[in-house]
Amino acid sequence: MKRPIFFAAAILVFLLSACSLAEDITPPPDYQAPTQNTAATVYPIVPPDLVRGAAIFSEKCAPCHGDLGRGNGSMASNLSVEVPAIGTSEVALSAIPVDWFNLVTNGRMERSMPPFKSLDDRDRWDVVAYALSLHTTQVQLDSAKAIYEQQCQSCHGRQGKGDGEQAAGQNMPDWSQPERLAQLSEEKLFQSITTGIGSMPAYRDTLSDEQRLGLAAYVRSLTFASPGTLAASISTPTPVPTAESTAASGTVSTAAATGEASTGSTLDGTPTAEAAASQVQKTTITGKITSASGTLPTGLKATLRAFDGMVAADSQTVPVAADGSYSFADIELVENRVFMVTVTVDGVDYNSDPLHSSDVTPGQPANLPITIYEKSNDVTLLRGDRLHVFFDFTDTQKVQVVELLIFSNAGQKVIAPAKEGDTLLNFKLPAGATDLQFQDGTLGDGVYLQTADGFGVSQSYTPAEGYQILFAYNLPYDRKGNFEFYVPIDVAEAIVMVPQEGVRMKSDQLTDAGSRPVQGINLQLYTTSNLTPDNALKLSLSGRPAQGATVNSGSTTTMLIGIGAFVLVGATGAAFYINHRRKKSEPEEIQEEETPETLMDAIITLDDQRRAGELSEEAYISRRSELKQRLQRLTGQSQDKKDAA
């Protein structure tokens, strides 16, 4: 069975971008993705507090799930899996609270969901309660409260304890018991209200779908610290009900799912989409194409694309004027929508920086310029920064080899295949390689193409730092083997990693760089420099890792360990992820003499400042990118001095 490498790329994004989840994403060395709850269920000791949960959600969950749980957080597009929209009725109605609590506790690493070990039990219940509240509005709860007081309170009691005036002689459930509602979804509550249960009558004919859905949400809120009150109404914007909703009975109407009433407004009194169309704020998006070579082709067209989360929402194309300018008028500023302009020149797509709707001032034009470059298929113009090679000995008959190539285009030309279907970077794989996998694609998908001795990459690279290609494959291995590795371009430095205990490596080209603990496993590091396509990196391995120095078969931790080592010894890869927007501002000056150590300390300090909320995202990205570039220049100068010596 193939061991996937996609999960590792998501972890790489988190680690390199200093996301606030960093302290939560490191599983133990023997971690395996759980198929069932791996810890005893812990029910709330005190009622969950939505206000506390909102603060935790903002820090721990919003980067992926989005502020309103729509699956469109700032980190979502970097993951290889779709982030569930937990703040929508479509997802939340079927959610069982204790299942979500266990998911937050144990994580689901195969879906890039880390275990949140930094949170105690109360914190986890608080954030689960808040997440469960995101699909409901305060007005809906207020309306449901009035119905509850009229229809339900006489039996169930004011706080759902089963102590109402007419409860005598009836077996009324006590909803204040934490384990009771923690095991019930709102779908189940809705069904019970619809069809009745025990001595409780059915309300299918006396209450509408919307009212029964509201009641289910209100009953859930009775277990919270402030019954009937949403933290969202205090600290965050009120979420808009989704267009789809389901219930176990299958009788939930479209109106109930969307929160629409027959009057043309939603349950909270806001206009429906049709009624509010005239109130949508609009803007004009303009831009200008400039050519690095000074020559601008004629007949160009610019395409504006809009994305809601990770889903394409709109697209329109306009001709580009002779001076390179273009304009898109009457663009709707939908909440959380992201815009990007693309122009295609000689088969190469050039994209503007992304523009978030929240960064646009209604009524004022937004500017999205694009720079195009002269095209070349000369791969020698690409700069190979670093090659990382990691060996995993999980399989007793094979070794999995993970390779990560980090490279940059430091020139003023776009490096692209000569024509469509041609490959640009050609990787020669060792003889006997099987089960080839890629972090961001598959063989034959139009980007990664099979060649006679390996694979080639059919992709264009505009001037930028820190491009990455991450792939893995299996090789036969029975306690010993000889290996050869080829690079498609000149590479300044290579780092090879193997478990320290039990595996012996020999190579005339590699220098022992010492050991380094990575997630409880000691890795031995070896380095070399100045690799070329004509000069293979040759090495031999013998032995197998000592017990405890590898991972269980099939675990995605294998790739996590490799990537963790990559991060420790090759931090320059971060530029690829954090430099997309390439915002420019005055860099923070480092007063002391710059060394690789002081620059790394400065980067760590910057990360801490961002976590503490002392820096804006734009300033953080710009300054971190500048520090990375300084580090790269400095390490390059050090290498030049070594070569001269």
# chains A, B, ... in the order shown; residues from 1 in each chain; ligands from 1

$ residues_around --residues "segment 522-532 of chain A" --least-positions-apart "3" --cutoff "8 Å" --atoms "only C-alpha atoms" --output "count of residues only"
30

$ select_by_dssp --residues "segment 360-569 of chain A" --states "strand (DSSP E)" --output "ChimeraX atom specification"
/A:366-367,370-372,374-376,383-392,398-409,413-415,425-428,434-438,448-451,454-457,464-476,480-485,491-499,503-506,511-518,521-531,537-543

$ residues_around --residues "segment 348-363 of chain A" --least-positions-apart "2" --cutoff "8 Å" --atoms "only C-alpha atoms" --output "ChimeraX atom specification"
/A:281-284,333-346,365-366,368-372,416,460,580-582

$ residues_around --residues "segment 165-168 of chain A" --least-positions-apart "6" --cutoff "12 Å" --atoms "only C-alpha atoms" --output "PyMOL selection string"
chain A and resi 151-158+174+199-200

$ write_last_selection --atoms "N, CA, C and O atoms" --output "PDB file, in the first residue's frame"
ATOM      1  N   GLN A 151     -44.457  26.286  24.542  1.00  0.00           N
ATOM      2  CA  GLN A 151     -44.804  24.914  24.207  1.00  0.00           C
ATOM      3  C   GLN A 151     -44.094  23.853  25.061  1.00  0.00           C
ATOM      4  O   GLN A 151     -44.605  22.740  25.195  1.00  0.00           O
ATOM      5  N   CYS A 152     -42.924  24.167  25.601  1.00  0.00           N
ATOM      6  CA  CYS A 152     -42.073  23.129  26.184  1.00  0.00           C
ATOM      7  C   CYS A 152     -41.771  23.325  27.667  1.00  0.00           C
ATOM      8  O   CYS A 152     -41.552  22.341  28.404  1.00  0.00           O
ATOM      9  N   GLN A 153     -41.718  24.554  28.105  1.00  0.00           N
ATOM     10  CA  GLN A 153     -41.215  24.848  29.443  1.00  0.00           C
ATOM     11  C   GLN A 153     -42.073  24.230  30.540  1.00  0.00           C
ATOM     12  O   GLN A 153     -41.560  23.857  31.606  1.00  0.00           O
ATOM     13  N   SER A 154     -43.377  24.091  30.306  1.00  0.00           N
ATOM     14  CA  SER A 154     -44.267  23.579  31.350  1.00  0.00           C
ATOM     15  C   SER A 154     -43.884  22.162  31.767  1.00  0.00           C
ATOM     16  O   SER A 154     -44.152  21.751  32.899  1.00  0.00           O
ATOM     17  N   CYS A 155     -43.278  21.411  30.848  1.00  0.00           N
ATOM     18  CA  CYS A 155     -42.819  20.057  31.187  1.00  0.00           C
ATOM     19  C   CYS A 155     -41.307  20.017  31.425  1.00  0.00           C
ATOM     20  O   CYS A 155     -40.839  19.458  32.416  1.00  0.00           O
ATOM     21  N   HIS A 156     -40.545  20.581  30.500  1.00  0.00           N
ATOM     22  CA  HIS A 156     -39.086  20.450  30.551  1.00  0.00           C
ATOM     23  C   HIS A 156     -38.430  21.427  31.523  1.00  0.00           C
ATOM     24  O   HIS A 156     -37.263  21.229  31.883  1.00  0.00           O
ATOM     25  N   GLY A 157     -39.168  22.443  31.949  1.00  0.00           N
ATOM     26  CA  GLY A 157     -38.587  23.404  32.872  1.00  0.00           C
ATOM     27  C   GLY A 157     -37.839  24.513  32.152  1.00  0.00           C
ATOM     28  O   GLY A 157     -37.464  24.393  30.980  1.00  0.00           O
ATOM     29  N   ARG A 158     -37.610  25.600  32.874  1.00  0.00           N
ATOM     30  CA  ARG A 158     -37.021  26.793  32.255  1.00  0.00           C
ATOM     31  C   ARG A 158     -35.625  26.522  31.724  1.00  0.00           C
ATOM     32  O   ARG A 158     -35.239  27.048  30.682  1.00  0.00           O
ATOM     33  N   ASP A 174     -33.250  15.161  31.969  1.00  0.00           N
ATOM     34  CA  ASP A 174     -32.573  16.316  32.562  1.00  0.00           C
ATOM     35  C   ASP A 174     -31.452  16.747  31.628  1.00  0.00           C
ATOM     36  O   ASP A 174     -30.388  16.145  31.577  1.00  0.00           O
ATOM     37  N   SER A 199     -43.727  10.383  26.059  1.00  0.00           N
ATOM     38  CA  SER A 199     -44.962  11.122  26.334  1.00  0.00           C
ATOM     39  C   SER A 199     -45.017  12.464  25.616  1.00  0.00           C
ATOM     40  O   SER A 199     -46.029  13.157  25.677  1.00  0.00           O
ATOM     41  N   MET A 200     -43.927  12.822  24.919  1.00  0.00           N
ATOM     42  CA  MET A 200     -43.899  14.110  24.211  1.00  0.00           C
ATOM     43  C   MET A 200     -44.608  13.971  22.877  1.00  0.00           C
ATOM     44  O   MET A 200     -44.312  13.054  22.099  1.00  0.00           O
TER      45      MET A 200
END

$ residues_around --residues "Ser143 of chain A" --least-positions-apart "3" --cutoff "10 Å" --atoms "only C-alpha atoms" --output "VMD selection string"
chain A and resid 138 to 140 146 to 148 211 214 to 215 218 267 to 268

$ write_last_selection --atoms "all heavy atoms" --output "mmCIF file, in the first residue's frame"
data_model
loop_
_atom_site.group_PDB
_atom_site.id
_atom_site.type_symbol
_atom_site.label_atom_id
_atom_site.label_comp_id
_atom_site.auth_asym_id
_atom_site.auth_seq_id
_atom_site.Cartn_x
_atom_site.Cartn_y
_atom_site.Cartn_z
ATOM 1 N N GLN A 138 -28.514 34.700 16.530
ATOM 2 C CA GLN A 138 -29.105 35.060 17.814
ATOM 3 C C GLN A 138 -30.603 35.292 17.684
ATOM 4 O O GLN A 138 -31.380 34.919 18.576
ATOM 5 C CB GLN A 138 -28.430 36.312 18.373
ATOM 6 C CG GLN A 138 -28.903 36.703 19.768
ATOM 7 C CD GLN A 138 -28.614 35.622 20.795
ATOM 8 O OE1 GLN A 138 -27.481 35.155 20.899
ATOM 9 N NE2 GLN A 138 -29.629 35.203 21.540
ATOM 10 N N VAL A 139 -31.030 35.871 16.572
ATOM 11 C CA VAL A 139 -32.463 36.120 16.382
ATOM 12 C C VAL A 139 -33.227 34.803 16.288
ATOM 13 O O VAL A 139 -34.344 34.670 16.810
ATOM 14 C CB VAL A 139 -32.683 36.979 15.120
ATOM 15 C CG1 VAL A 139 -34.170 37.097 14.803
ATOM 16 C CG2 VAL A 139 -32.092 38.368 15.330
ATOM 17 N N GLN A 140 -32.627 33.801 15.638
ATOM 18 C CA GLN A 140 -33.260 32.491 15.579
ATOM 19 C C GLN A 140 -33.431 31.898 16.980
ATOM 20 O O GLN A 140 -34.476 31.324 17.300
ATOM 21 C CB GLN A 140 -32.430 31.551 14.703
ATOM 22 C CG GLN A 140 -32.563 31.815 13.211
ATOM 23 C CD GLN A 140 -31.621 30.943 12.409
ATOM 24 O OE1 GLN A 140 -30.438 30.845 12.715
ATOM 25 N NE2 GLN A 140 -32.140 30.308 11.376
ATOM 26 N N ALA A 146 -38.945 31.894 22.680
ATOM 27 C CA ALA A 146 -40.351 32.238 22.911
ATOM 28 C C ALA A 146 -41.249 31.017 22.697
ATOM 29 O O ALA A 146 -42.195 30.776 23.461
ATOM 30 C CB ALA A 146 -40.764 33.373 21.972
ATOM 31 N N ILE A 147 -40.929 30.223 21.661
ATOM 32 C CA ILE A 147 -41.717 29.007 21.411
ATOM 33 C C ILE A 147 -41.504 27.999 22.540
ATOM 34 O O ILE A 147 -42.452 27.354 23.002
ATOM 35 C CB ILE A 147 -41.318 28.397 20.057
ATOM 36 C CG1 ILE A 147 -41.659 29.364 18.917
ATOM 37 C CG2 ILE A 147 -42.010 27.055 19.847
ATOM 38 C CD1 ILE A 147 -41.154 28.904 17.567
ATOM 39 N N TYR A 148 -40.279 27.869 22.983
ATOM 40 C CA TYR A 148 -39.965 26.935 24.063
ATOM 41 C C TYR A 148 -40.762 27.299 25.318
ATOM 42 O O TYR A 148 -41.329 26.415 25.990
ATOM 43 C CB TYR A 148 -38.466 26.969 24.363
ATOM 44 C CG TYR A 148 -38.036 26.042 25.478
ATOM 45 C CD1 TYR A 148 -37.661 24.737 25.221
ATOM 46 C CD2 TYR A 148 -38.021 26.476 26.807
ATOM 47 C CE1 TYR A 148 -37.280 23.872 26.250
ATOM 48 C CE2 TYR A 148 -37.639 25.630 27.837
ATOM 49 C CZ TYR A 148 -37.274 24.324 27.549
ATOM 50 O OH TYR A 148 -36.913 23.477 28.567
ATOM 51 N N GLN A 211 -39.219 26.527 12.789
ATOM 52 C CA GLN A 211 -39.408 26.608 14.231
ATOM 53 C C GLN A 211 -38.819 25.385 14.938
ATOM 54 O O GLN A 211 -38.213 25.500 16.001
ATOM 55 C CB GLN A 211 -40.902 26.744 14.542
ATOM 56 C CG GLN A 211 -41.480 28.102 14.145
ATOM 57 C CD GLN A 211 -42.990 28.152 14.280
ATOM 58 O OE1 GLN A 211 -43.690 27.163 14.026
ATOM 59 N NE2 GLN A 211 -43.511 29.305 14.679
ATOM 60 N N GLY A 214 -35.087 25.717 14.938
ATOM 61 C CA GLY A 214 -34.710 26.694 15.947
ATOM 62 C C GLY A 214 -34.798 26.122 17.348
ATOM 63 O O GLY A 214 -33.934 26.370 18.198
ATOM 64 N N LEU A 215 -35.840 25.330 17.605
ATOM 65 C CA LEU A 215 -35.989 24.709 18.919
ATOM 66 C C LEU A 215 -34.842 23.748 19.209
ATOM 67 O O LEU A 215 -34.327 23.697 20.336
ATOM 68 C CB LEU A 215 -37.319 23.953 18.984
ATOM 69 C CG LEU A 215 -38.530 24.717 19.492
ATOM 70 C CD1 LEU A 215 -39.766 23.827 19.475
ATOM 71 C CD2 LEU A 215 -38.285 25.252 20.900
ATOM 72 N N TYR A 218 -31.975 25.784 20.203
ATOM 73 C CA TYR A 218 -32.165 26.395 21.516
ATOM 74 C C TYR A 218 -31.982 25.362 22.632
ATOM 75 O O TYR A 218 -31.348 25.643 23.662
ATOM 76 C CB TYR A 218 -33.554 27.028 21.623
ATOM 77 C CG TYR A 218 -33.792 27.674 22.966
ATOM 78 C CD1 TYR A 218 -33.226 28.904 23.279
ATOM 79 C CD2 TYR A 218 -34.539 27.028 23.953
ATOM 80 C CE1 TYR A 218 -33.406 29.482 24.520
ATOM 81 C CE2 TYR A 218 -34.732 27.603 25.200
ATOM 82 C CZ TYR A 218 -34.156 28.826 25.480
ATOM 83 O OH TYR A 218 -34.333 29.399 26.710
ATOM 84 N N LEU A 267 -35.120 34.508 8.887
ATOM 85 C CA LEU A 267 -35.712 34.477 10.220
ATOM 86 C C LEU A 267 -35.201 35.597 11.105
ATOM 87 O O LEU A 267 -35.864 35.999 12.047
ATOM 88 C CB LEU A 267 -35.419 33.128 10.876
ATOM 89 C CG LEU A 267 -36.168 31.920 10.263
ATOM 90 C CD1 LEU A 267 -35.692 30.653 10.927
ATOM 91 C CD2 LEU A 267 -37.664 32.088 10.417
ATOM 92 N N ASP A 268 -33.963 36.070 10.832
ATOM 93 C CA ASP A 268 -33.436 37.140 11.685
ATOM 94 C C ASP A 268 -33.796 38.520 11.168
ATOM 95 O O ASP A 268 -33.293 39.526 11.650
ATOM 96 C CB ASP A 268 -31.913 37.024 11.827
ATOM 97 C CG ASP A 268 -31.204 37.149 10.487
ATOM 98 O OD1 ASP A 268 -31.884 37.376 9.468
ATOM 99 O OD2 ASP A 268 -29.958 37.038 10.485
#

$ closest_residue --among "A:Gln177, A:Gln159, A:Thr286, A:Ser89" --to "Lys145 of chain A" --atoms "only C-alpha atoms"
A:Gln159

$ closest_residue --among "A:Pro227, A:Ala92, A:Gln316, A:Thr290" --to "Leu304 of chain A" --atoms "only C-alpha atoms"
A:Gln316

$ closest_residue --among "A:Phe471, A:Arg212, A:Asp205, A:Thr303" --to "Ser192 of chain A" --atoms "only C-alpha atoms"
A:Arg212

$ closest_residue --among "A:Val104, A:Leu134, A:Leu50, A:Cys64" --to "Leu222 of chain A" --atoms "only C-alpha atoms"
A:Leu50

$ residues_around --residues "Lys375 of chain A" --least-positions-apart "2" --cutoff "12 Å" --atoms "only C-alpha atoms" --output "JSON, numbers by chain"
{"A": [291, 292, 293, 345, 346, 347, 348, 349, 350, 372, 373, 377, 378, 379, 381, 411, 412, 413, 414, 415, 416, 417, 418, 419, 460, 461, 462, 463]}

$ write_last_selection --atoms "C-alpha atoms" --output "PDB file, in the first residue's frame"
ATOM      1  CA  SER A 291       6.695  43.975 -19.347  1.00  0.00           C
ATOM      2  CA  ALA A 292      10.087  43.436 -17.742  1.00  0.00           C
ATOM      3  CA  SER A 293      11.600  43.472 -21.239  1.00  0.00           C
ATOM      4  CA  VAL A 345       1.152  35.389 -22.803  1.00  0.00           C
ATOM      5  CA  ASP A 346       2.816  32.864 -25.109  1.00  0.00           C
ATOM      6  CA  GLY A 347       1.258  29.959 -23.225  1.00  0.00           C
ATOM      7  CA  VAL A 348       2.306  31.227 -19.783  1.00  0.00           C
ATOM      8  CA  ASP A 349      -0.259  32.333 -17.193  1.00  0.00           C
ATOM      9  CA  TYR A 350       0.655  35.419 -15.168  1.00  0.00           C
ATOM     10  CA  ILE A 372       5.123  39.732 -17.546  1.00  0.00           C
ATOM     11  CA  TYR A 373       8.546  38.528 -18.597  1.00  0.00           C
ATOM     12  CA  ASN A 377      13.366  27.372 -21.680  1.00  0.00           C
ATOM     13  CA  ASP A 378      16.935  27.571 -20.379  1.00  0.00           C
ATOM     14  CA  VAL A 379      16.747  25.693 -17.060  1.00  0.00           C
ATOM     15  CA  LEU A 381      18.727  30.126 -15.299  1.00  0.00           C
ATOM     16  CA  GLY A 411      16.425  36.371 -13.040  1.00  0.00           C
ATOM     17  CA  GLN A 412      14.110  38.531 -15.113  1.00  0.00           C
ATOM     18  CA  LYS A 413      12.757  35.854 -17.446  1.00  0.00           C
ATOM     19  CA  VAL A 414      10.000  33.323 -17.040  1.00  0.00           C
ATOM     20  CA  ILE A 415      11.428  29.830 -17.392  1.00  0.00           C
ATOM     21  CA  ALA A 416       8.913  27.649 -19.236  1.00  0.00           C
ATOM     22  CA  PRO A 417       8.735  24.612 -21.529  1.00  0.00           C
ATOM     23  CA  ALA A 418       9.448  25.391 -25.158  1.00  0.00           C
ATOM     24  CA  LYS A 419       5.961  24.271 -26.161  1.00  0.00           C
ATOM     25  CA  SER A 460       6.424  27.638 -15.869  1.00  0.00           C
ATOM     26  CA  TYR A 461       8.362  29.526 -13.196  1.00  0.00           C
ATOM     27  CA  THR A 462       8.179  33.295 -12.988  1.00  0.00           C
ATOM     28  CA  PRO A 463      10.861  35.203 -11.064  1.00  0.00           C
TER      29      PRO A 463
END

$ residues_around --residues "Asp126 of chain A" --least-positions-apart "4" --cutoff "6 Å" --atoms "only C-alpha atoms" --output "PyMOL selection string"
chain A and resi 48-50+53
